[in-house]
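Asks: Got a structure for you, written out below as structure tokens; questions coming shortly.
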Amino acid sequence: MNELEIPLPENIIFEWDALQTLPDYLASLPYRYAIITDNQVLSLHAEKFMQALVAKGLEASLFTFPAGEWNKTRETKESIENQMLEKQMGRDTCVIAIGGGVVTDLAGFLSATYCRGIPLILIPTSLVSMIDASIGGKTGVNTIYGKNLIGALYEPFKIIIDPNLLTSLPVKEMTNGIVEMMKHGLIADQTYYHFLKQNLHFLIKQDQNVVKKAIIDSYRIKSAIVRQDKADRAIRHLLNFGHTIGHAIEKLADFSLSHGQAVAIGILIESDISVSLGVLSSSCFADIFSFINDLEISFEVLEHISVDDMLDCLALDKKSVHGRPRFVLLSEIGKCLTQDNEYALFVDRSVVKQSIERMKNDLCGH
Ligand SMILES: NC(=O)c1ccc[n+]([C@@H]2O[C@H](COP(=O)([O-])OP(=O)(O)OC[C@H]3O[C@@H](n4cnc5c(N)ncnc54)[C@H](O)[C@@H]3O)[C@@H](O)[C@H]2O)c1
Ligand SMILES: [Zn+2]
């Protein structure tokens, strides 16, 4: 049973303790199961889940890899594929990905190509994977040339969201998810943004009502955007707010900071650009600034990044055209500026430069 007032799509089960009732549902399907997880989620949740499946008499095998973004590779995928082939798992196999975005991206891509495509169930266990990575069908792995460069669009037939799984998640990982939730509010829903800001403490403490509303609202915002732009060419660019600068920071800092930290700084700089262009008011900017301050994110990394390196890095952003970066601009909290059906707009290099310099000064104090 779905616990929601307005039903989510049928392929989503949102329920506290959903994992406990899941074996019964899986027993009703004609599959054997390949459970894919990382070593951290294994000991916290997946091992117990596997035991529950075996206790039900289901045929299930567990495949794991070491946790971490650097293992989201073709090599990890190949190794699991080989182990599955070794066990003679065929087209009657259903993959169950249980883990954060690294697991769901990798296992999703594996499902898309194994025996030319086998069914996929996602059980996201991090906040980022619940409100972001599990939505929209993007799957993939990283290469030495960049993140997520090899992959496929492949939809799971069920997504199981059990917020109980979050109780073991470190606060730093919660914050990564909250930054993406905040982004959803900023680009599409002012009321949701203010809800998050006012209830931040309860969200971090995982108050059930707050967690429920936050996950569902974020889910709705992202899926509504994705539905309109499967090809990632237009409105889906909105989801990139804060990420144009954020990705450049991650890269120049050699991924020494978390994605959420980098995107939070990106949100500030891109909001400042919107103010510079006269698109966003300073009072909205102050509101965003105070929200990010409440997240207690360290900005220290900015000190060590040169403004020119950052500007050069922006040329490689996926929204850039002929090396000229484009930005999603906020016009107010909950709304973005669009021009001629474009959601990512060119901004003069001098404006971008000034905003980076200003934020460097304001955030690092010199
Ligand atoms: N496909 C998409 O549309 C999409 C969208 C956003 C992000 N992503 C991808 O998702 C990844 C980031 O996701 P993430 O932040 O979940 O990273 P992650 O999968 O690395 O998880 C972060 C850490 O939390 C641990 N963890 C996960 N669930 C836990 C739990 N319940 N309790 C304790 N620890 C737990 C993991 O083992 C890992 O160490 C990136 O690779 C990114 O590219 C994909
Ligand atoms: Zn992100």
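A note on labels: chains of the structure tokens are A, B, ... as shown, every chain counts residues from 1, and ligands are counted from 1 in their shown order.
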At a cut-off of 8 Å, can you tabulate as a Markdown table every residue of chain A near ligand 1 together with its closest atom pair and the distance in Å to one decimal, using only C-alpha atoms and all ligand atoms and ordering rows by chain then number?
Replies:
| residue | atom | partner | partner_atom_place_in_ligand_line | distance |
| --- | --- | --- | --- | --- |
| A:Asp38 | CA | ligand 1 | 37 (O) | 5.9 |
| A:Asn39 | CA | ligand 1 | 37 (O) | 6.8 |
| A:Gln40 | CA | ligand 1 | 37 (O) | 4.6 |
| A:Val41 | CA | ligand 1 | 37 (O) | 5.3 |
| A:Leu44 | CA | ligand 1 | 32 (N) | 6.6 |
| A:His45 | CA | ligand 1 | 31 (N) | 7.5 |
| A:Ala67 | CA | ligand 1 | 37 (O) | 4.9 |
| A:Gly68 | CA | ligand 1 | 20 (O) | 4.8 |
| A:Glu69 | CA | ligand 1 | 20 (O) | 5.4 |
| A:Lys72 | CA | ligand 1 | 41 (O) | 6.9 |
| A:Gly99 | CA | ligand 1 | 28 (N) | 5.1 |
| A:Gly100 | CA | ligand 1 | 19 (O) | 3.2 |
| A:Gly101 | CA | ligand 1 | 10 (O) | 3.2 |
| A:Val102 | CA | ligand 1 | 19 (O) | 3.8 |
| A:Val103 | CA | ligand 1 | 19 (O) | 5.6 |
| A:Thr104 | CA | ligand 1 | 10 (O) | 7.4 |
| A:Asp105 | CA | ligand 1 | 1 (N) | 5.5 |
| A:Pro124 | CA | ligand 1 | 28 (N) | 7.3 |
| A:Thr125 | CA | ligand 1 | 28 (N) | 4.2 |
| A:Ser126 | CA | ligand 1 | 28 (N) | 4.1 |
| A:Leu127 | CA | ligand 1 | 16 (O) | 6.6 |
| A:Val128 | CA | ligand 1 | 16 (O) | 4.9 |
| A:Ser129 | CA | ligand 1 | 16 (O) | 4.8 |
| A:Asp132 | CA | ligand 1 | 5 (C) | 4.7 |
| A:Ala133 | CA | ligand 1 | 4 (C) | 3.3 |
| A:Ser134 | CA | ligand 1 | 1 (N) | 6.1 |
| A:Ile135 | CA | ligand 1 | 3 (O) | 6.0 |
| A:Gly136 | CA | ligand 1 | 3 (O) | 6.0 |
| A:Gly137 | CA | ligand 1 | 1 (N) | 6.5 |
| A:Lys138 | CA | ligand 1 | 1 (N) | 4.3 |
| A:Thr139 | CA | ligand 1 | 1 (N) | 5.1 |
| A:Gly140 | CA | ligand 1 | 1 (N) | 7.3 |
| A:Val141 | CA | ligand 1 | 41 (O) | 7.8 |
| A:Lys147 | CA | ligand 1 | 43 (O) | 7.0 |
| A:Asn148 | CA | ligand 1 | 43 (O) | 6.5 |
| A:Leu165 | CA | ligand 1 | 31 (N) | 4.7 |
| A:Leu166 | CA | ligand 1 | 31 (N) | 4.6 |
| A:Thr167 | CA | ligand 1 | 31 (N) | 6.7 |
| A:Ser168 | CA | ligand 1 | 32 (N) | 4.0 |
| A:Leu169 | CA | ligand 1 | 32 (N) | 3.7 |
| A:Pro170 | CA | ligand 1 | 33 (C) | 6.2 |
| A:Glu173 | CA | ligand 1 | 24 (O) | 6.2 |
| A:Asn176 | CA | ligand 1 | 15 (O) | 6.6 |
| A:Gly177 | CA | ligand 1 | 15 (O) | 7.1 |
| A:His259 | CA | ligand 1 | 15 (O) | 7.6 |
Asks: Contacts of region 315-329 of chain A at 7 Å or less, counting only C-alpha atoms, minus same-chain residues fewer than 4 places along, as a compact mmCIF listing (two decimals) with N, CA, C and O atoms, in the first residue's frame?
Replies:
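The resulting result_30.txt:
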# COMPACT_ATOMS: atom_id res chain seq x y z
N LEU A 238 17.43 22.55 -16.24
CA LEU A 238 17.14 23.19 -14.95
C LEU A 238 17.77 22.42 -13.80
O LEU A 238 18.22 23.00 -12.81
N PHE A 241 21.13 23.39 -12.32
CA PHE A 241 21.39 24.62 -11.56
C PHE A 241 22.39 24.31 -10.43
O PHE A 241 22.25 23.31 -9.71
N THR A 244 26.88 23.73 -12.90
CA THR A 244 27.85 24.22 -13.90
C THR A 244 29.14 24.58 -13.15
O THR A 244 30.23 24.09 -13.46
N GLU A 270 26.14 30.76 -8.81
CA GLU A 270 25.18 30.94 -9.92
C GLU A 270 24.02 31.86 -9.51
O GLU A 270 23.48 32.58 -10.35
N SER A 274 23.03 35.52 -11.18
CA SER A 274 21.64 35.95 -11.48
C SER A 274 21.39 37.35 -10.90
O SER A 274 20.71 38.16 -11.52
N CYS A 336 12.94 29.93 -12.75
CA CYS A 336 14.15 30.22 -13.52
C CYS A 336 13.81 31.07 -14.74
O CYS A 336 12.67 31.07 -15.21
N LEU A 337 14.83 31.75 -15.22
CA LEU A 337 14.65 32.59 -16.41
C LEU A 337 14.73 31.72 -17.65
O LEU A 337 15.64 30.90 -17.77
N TYR A 343 16.69 26.98 -21.49
CA TYR A 343 16.73 27.02 -20.02
C TYR A 343 18.13 27.29 -19.50
O TYR A 343 18.33 27.55 -18.33
N ALA A 344 19.13 27.18 -20.39
CA ALA A 344 20.51 27.49 -20.02
C ALA A 344 20.97 28.61 -20.94
O ALA A 344 20.88 28.50 -22.16
N LEU A 345 21.44 29.70 -20.34
CA LEU A 345 21.69 30.91 -21.12
C LEU A 345 23.16 31.34 -21.06
O LEU A 345 23.83 31.14 -20.04
N PHE A 346 23.60 31.95 -22.15
CA PHE A 346 24.99 32.44 -22.18
C PHE A 346 25.14 33.62 -21.22
O PHE A 346 24.26 34.48 -21.11
N VAL A 347 26.28 33.64 -20.53
CA VAL A 347 26.59 34.77 -19.65
C VAL A 347 28.01 35.22 -19.98
O VAL A 347 28.91 34.39 -20.16
Asks: Using only C-alpha atoms and all ligand atoms, which residues have at least one atom no more than 7 Å from ligand 2? Output them as a list in words.
Replies: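 Checked against 7 Å with only C-alpha atoms and all ligand atoms; the hits are Glu180, His243, His259, Gly260 and Val263 of chain A.
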Asks: Got time to write the residues from that selection, C-alpha atoms, as a short mmCIF file (atom, residue, chain, number, x, y, z; two decimals), in the first residue's frame?
Replies:
data_model
loop_
_atom_site.label_atom_id
_atom_site.label_comp_id
_atom_site.auth_asym_id
_atom_site.auth_seq_id
_atom_site.Cartn_x
_atom_site.Cartn_y
_atom_site.Cartn_z
CA GLU A 180 19.81 18.49 -4.25
CA HIS A 243 26.14 22.15 -11.16
CA HIS A 259 29.29 16.58 -4.57
CA GLY A 260 26.80 18.32 -2.26
CA VAL A 263 26.92 22.09 -5.70
#
Asks: Write down as a ChimeraX atom specification the residues belonging to region 110-264 of chain A that are assigned alpha helix (DSSP H) by DSSP computed on the backbone.
Replies: /A:110-113,127-128,171-188,190-198,200-204,208-228,243-252,259-264
Asks: Which residue out of A:Ile265, A:Leu42, A:Leu302, A:Leu149 has the minimum interatomic distance to Thr64 (chain A) when only C-alpha atoms are used?
Replies: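 Ranked by minimum distance to Thr64 (chain A), first place goes to A:Leu42.
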Asks: Calculated over only C-alpha atoms, which of the candidates A:Ile80, A:Ala34, A:Leu22, A:Val226 has the smallest distance to Ile161 (chain A)?
Replies: A:Leu22
Asks: Could you check the closest approach to Asp232 (chain A) for each of A:Leu153, A:Leu8, A:Ala60, A:Leu106 and tell me which residue wins, using only C-alpha atoms?
Replies: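 Smallest distance to Asp232 (chain A) is found for A:Leu153.
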Asks: Please identify every residue of region 177-254 of chain A that has at least one atom no farther than 12 Å from an atom of region 281-285 of chain A, counting only C-alpha atoms, and for each give the shortest atom pair and the distance in Å to one decimal, arranged by chain then increasing number, as a Markdown table.
Replies:
| residue | atom | partner | partner_atom | distance |
| --- | --- | --- | --- | --- |
| A:Leu186 | CA | A:Cys284 | CA | 10.2 |
| A:Gln190 | CA | A:Cys284 | CA | 10.9 |
| A:Tyr193 | CA | A:Cys284 | CA | 11.7 |
| A:His194 | CA | A:Cys284 | CA | 11.6 |
Asks: Show which residues sit within 8 Å of Lys183 (chain A), as a ChimeraX atom specification. Count only C-alpha atoms, and ignore same-chain residues fewer than 6 positions away.
Replies: /A:239,241-242,267
Asks: Rounded to one decimal in Å, what is the spacing between CA of Ile150 (chain A) and CA of Tyr114 (chain A)?
Replies: 14.9 Å
Asks: Given the choices A:Val307, A:Leu363, A:Cys94, A:Ile273, which gets closest to Phe289 (chain A) if the distance is worked out from only C-alpha atoms?
Replies: A:Leu363
Asks: Excluding Cys115 (chain A) and its own-chain neighbours fewer than 3 positions away, which residues fall within 8 Å of it when counting only C-alpha atoms? Please give them as a count of residues only.
Replies: 3
Asks: Which one is closest to Leu200 (chain A): A:Ser256, A:Asn293, A:Asn361, A:Asn11? Count only C-alpha atoms.
Replies: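 Ranked by minimum distance to Leu200 (chain A), first place goes to A:Asn293.
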Asks: Excluding region 209-212 of chain A and any residue of its chain fewer than 6 positions from it, enumerate the residues within 9 Å of it, using only C-alpha atoms, and give them as a PDB file with N, CA and C atoms, in the first residue's frame.
Replies:
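Written out: selection-v5.pdb:
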ATOM      1  N   LEU A   4       0.655   7.537   0.411  1.00  0.00           N
ATOM      2  CA  LEU A   4       0.569   8.936   0.008  1.00  0.00           C
ATOM      3  C   LEU A   4      -0.846   9.393  -0.271  1.00  0.00           C
ATOM      4  N   PHE A  14       6.540   3.570  -1.790  1.00  0.00           N
ATOM      5  CA  PHE A  14       7.131   4.413  -0.749  1.00  0.00           C
ATOM      6  C   PHE A  14       6.526   3.969   0.572  1.00  0.00           C
ATOM      7  N   PRO A 163      12.295   4.810   3.769  1.00  0.00           N
ATOM      8  CA  PRO A 163      13.086   5.816   4.474  1.00  0.00           C
ATOM      9  C   PRO A 163      13.776   5.285   5.730  1.00  0.00           C
ATOM     10  N   PHE A 195       9.671  25.217   2.953  1.00  0.00           N
ATOM     11  CA  PHE A 195       9.410  24.076   3.849  1.00  0.00           C
ATOM     12  C   PHE A 195      10.736  23.446   4.282  1.00  0.00           C
ATOM     13  N   LEU A 196      11.613  23.233   3.310  1.00  0.00           N
ATOM     14  CA  LEU A 196      12.907  22.611   3.618  1.00  0.00           C
ATOM     15  C   LEU A 196      13.713  23.491   4.566  1.00  0.00           C
ATOM     16  N   ASN A 199      12.292  23.466   8.050  1.00  0.00           N
ATOM     17  CA  ASN A 199      12.299  22.160   8.725  1.00  0.00           C
ATOM     18  C   ASN A 199      13.637  21.442   8.630  1.00  0.00           C
ATOM     19  N   LEU A 200      14.668  22.212   8.336  1.00  0.00           N
ATOM     20  CA  LEU A 200      15.981  21.593   8.126  1.00  0.00           C
ATOM     21  C   LEU A 200      16.398  20.705   9.305  1.00  0.00           C
ATOM     22  N   PHE A 202      14.589  19.176  11.469  1.00  0.00           N
ATOM     23  CA  PHE A 202      13.784  17.945  11.542  1.00  0.00           C
ATOM     24  C   PHE A 202      14.141  16.978  10.412  1.00  0.00           C
ATOM     25  N   LEU A 203      14.547  17.568   9.300  1.00  0.00           N
ATOM     26  CA  LEU A 203      14.946  16.714   8.168  1.00  0.00           C
ATOM     27  C   LEU A 203      16.234  15.967   8.521  1.00  0.00           C
TER      28      LEU A 203
END
Asks: Which residues are near Phe63 (chain A)? Cut-off 12 Å, only C-alpha atoms, ignore same chain within fewer than 5 positions. Put them as a PyMOL selection string.
Replies: chain A and resi 33-39+41-42+46-47+50+76-84+87+95-98+103+107
Asks: Rank A:Gly246, A:Met359, A:Met130, A:Asn142 by their smallest atom-to-atom distance to Ala214 (chain A), using only C-alpha atoms, and report the top residue only.
Replies: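 With only C-alpha atoms as the atom set, the closest residue is A:Met130.
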Asks: I'd like to know which residues of region 34-180 of chain A are strand (DSSP E or B) (by DSSP, run on the backbone); could you write them as a PyMOL selection string?
Replies: chain A and resi 34-38+60-65+73+93-99+120-124+138-143+146-153+158-161
Asks: For the residues in that selection, give me N, CA and C atoms as a tab-separated table (two decimals), in the first residue's frame.
Replies:
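After the write, selection-v6.tsv holds the following:
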chain	number	residue	atom	x	y	z
A	34	ALA	N	19.54	-11.28	-8.81
A	34	ALA	CA	20.94	-10.90	-8.64
A	34	ALA	C	20.93	-9.61	-7.81
A	35	ILE	N	21.35	-9.72	-6.57
A	35	ILE	CA	21.34	-8.53	-5.70
A	35	ILE	C	22.71	-7.88	-5.79
A	36	ILE	N	22.71	-6.61	-6.23
A	36	ILE	CA	23.99	-5.90	-6.39
A	36	ILE	C	24.07	-4.77	-5.37
A	37	THR	N	25.20	-4.72	-4.65
A	37	THR	CA	25.34	-3.71	-3.60
A	37	THR	C	26.81	-3.39	-3.40
A	38	ASP	N	27.11	-2.37	-2.56
A	38	ASP	CA	28.52	-2.13	-2.22
A	38	ASP	C	28.79	-2.70	-0.82
A	60	ALA	N	18.47	-16.53	-4.99
A	60	ALA	CA	19.08	-15.20	-5.05
A	60	ALA	C	20.58	-15.30	-4.82
A	61	SER	N	21.34	-14.47	-5.53
A	61	SER	CA	22.80	-14.42	-5.35
A	61	SER	C	23.20	-12.97	-5.10
A	62	LEU	N	24.24	-12.82	-4.30
A	62	LEU	CA	24.68	-11.49	-3.91
A	62	LEU	C	25.98	-11.13	-4.63
A	63	PHE	N	26.07	-9.93	-5.16
A	63	PHE	CA	27.29	-9.47	-5.83
A	63	PHE	C	27.68	-8.12	-5.25
A	64	THR	N	28.91	-7.99	-4.79
A	64	THR	CA	29.29	-6.72	-4.16
A	64	THR	C	30.58	-6.18	-4.74
A	65	PHE	N	30.77	-4.89	-4.51
A	65	PHE	CA	32.04	-4.24	-4.87
A	65	PHE	C	32.33	-3.18	-3.80
A	73	THR	N	32.83	1.76	-12.45
A	73	THR	CA	33.60	1.64	-13.69
A	73	THR	C	33.12	0.46	-14.53
A	93	THR	N	16.62	-13.65	-15.01
A	93	THR	CA	17.19	-13.00	-13.82
A	93	THR	C	16.69	-11.57	-13.71
A	94	CYS	N	16.40	-11.16	-12.48
A	94	CYS	CA	16.04	-9.76	-12.24
A	94	CYS	C	17.13	-9.18	-11.32
A	95	VAL	N	17.64	-8.02	-11.70
A	95	VAL	CA	18.65	-7.36	-10.87
A	95	VAL	C	17.96	-6.53	-9.80
A	96	ILE	N	18.43	-6.66	-8.57
A	96	ILE	CA	17.98	-5.76	-7.50
A	96	ILE	C	19.19	-4.95	-7.05
A	97	ALA	N	19.15	-3.64	-7.33
A	97	ALA	CA	20.24	-2.77	-6.92
A	97	ALA	C	19.89	-2.17	-5.58
A	98	ILE	N	20.68	-2.45	-4.56
A	98	ILE	CA	20.40	-1.88	-3.25
A	98	ILE	C	21.62	-1.08	-2.79
A	99	GLY	N	21.47	0.23	-2.76
A	99	GLY	CA	22.60	1.08	-2.40
A	99	GLY	C	22.38	2.53	-2.78
A	120	LEU	N	14.85	-4.79	-13.81
A	120	LEU	CA	15.62	-4.07	-12.78
A	120	LEU	C	14.69	-3.54	-11.69
A	121	ILE	N	15.08	-3.77	-10.44
A	121	ILE	CA	14.39	-3.16	-9.30
A	121	ILE	C	15.42	-2.32	-8.55
A	122	LEU	N	15.06	-1.08	-8.23
A	122	LEU	CA	15.98	-0.23	-7.47
A	122	LEU	C	15.52	-0.10	-6.03
A	123	ILE	N	16.46	-0.28	-5.11
A	123	ILE	CA	16.19	0.02	-3.70
A	123	ILE	C	17.23	1.05	-3.27
A	124	PRO	N	16.95	2.34	-3.51
A	124	PRO	CA	17.91	3.37	-3.14
A	124	PRO	C	18.04	3.45	-1.61
A	138	LYS	N	18.54	7.40	-16.01
A	138	LYS	CA	19.95	7.51	-16.44
A	138	LYS	C	20.77	6.49	-15.66
A	139	THR	N	21.55	5.69	-16.38
A	139	THR	CA	22.45	4.74	-15.72
A	139	THR	C	23.82	4.93	-16.34
A	140	GLY	N	24.86	4.45	-15.69
A	140	GLY	CA	26.16	4.58	-16.33
A	140	GLY	C	27.33	4.40	-15.41
A	141	VAL	N	28.51	4.48	-16.01
A	141	VAL	CA	29.76	4.34	-15.26
A	141	VAL	C	30.71	5.47	-15.66
A	142	ASN	N	31.76	5.63	-14.85
A	142	ASN	CA	32.78	6.66	-15.12
A	142	ASN	C	33.92	6.05	-15.94
A	143	THR	N	34.69	6.91	-16.59
A	143	THR	CA	35.91	6.46	-17.27
A	143	THR	C	37.02	7.44	-16.87
A	146	GLY	N	36.17	11.00	-17.80
A	146	GLY	CA	35.13	11.80	-17.14
A	146	GLY	C	34.04	10.93	-16.54
A	147	LYS	N	33.14	11.61	-15.81
A	147	LYS	CA	32.06	10.90	-15.10
A	147	LYS	C	30.90	10.55	-16.02
A	148	ASN	N	30.31	9.40	-15.80
A	148	ASN	CA	29.05	9.00	-16.45
A	148	ASN	C	29.10	9.03	-17.97
A	149	LEU	N	30.29	8.79	-18.55
A	149	LEU	CA	30.41	8.94	-20.00
A	149	LEU	C	29.89	7.73	-20.77
A	150	ILE	N	29.84	6.58	-20.10
A	150	ILE	CA	29.34	5.39	-20.77
A	150	ILE	C	28.11	4.91	-20.01
A	151	GLY	N	26.99	4.76	-20.71
A	151	GLY	CA	25.80	4.34	-19.98
A	151	GLY	C	24.62	4.15	-20.90
A	152	ALA	N	23.45	4.07	-20.30
A	152	ALA	CA	22.24	3.86	-21.10
A	152	ALA	C	21.06	4.48	-20.35
A	153	LEU	N	20.01	4.78	-21.10
A	153	LEU	CA	18.75	5.17	-20.45
A	153	LEU	C	17.97	3.87	-20.25
A	158	LYS	N	10.42	-1.36	-10.86
A	158	LYS	CA	9.97	-0.98	-9.50
A	158	LYS	C	11.07	-0.19	-8.81
A	159	ILE	N	10.64	0.81	-8.06
A	159	ILE	CA	11.57	1.54	-7.20
A	159	ILE	C	10.99	1.47	-5.79
A	160	ILE	N	11.78	0.93	-4.88
A	160	ILE	CA	11.29	0.76	-3.52
A	160	ILE	C	11.96	1.81	-2.64
A	161	ILE	N	11.18	2.72	-2.10
A	161	ILE	CA	11.76	3.74	-1.22
A	161	ILE	C	11.32	3.45	0.22
Asks: Measure the distance from CA of Leu280 (chain A) to CA of Ser331 (chain A) in Å and round it to one decimal.
Replies: 4.7 Å
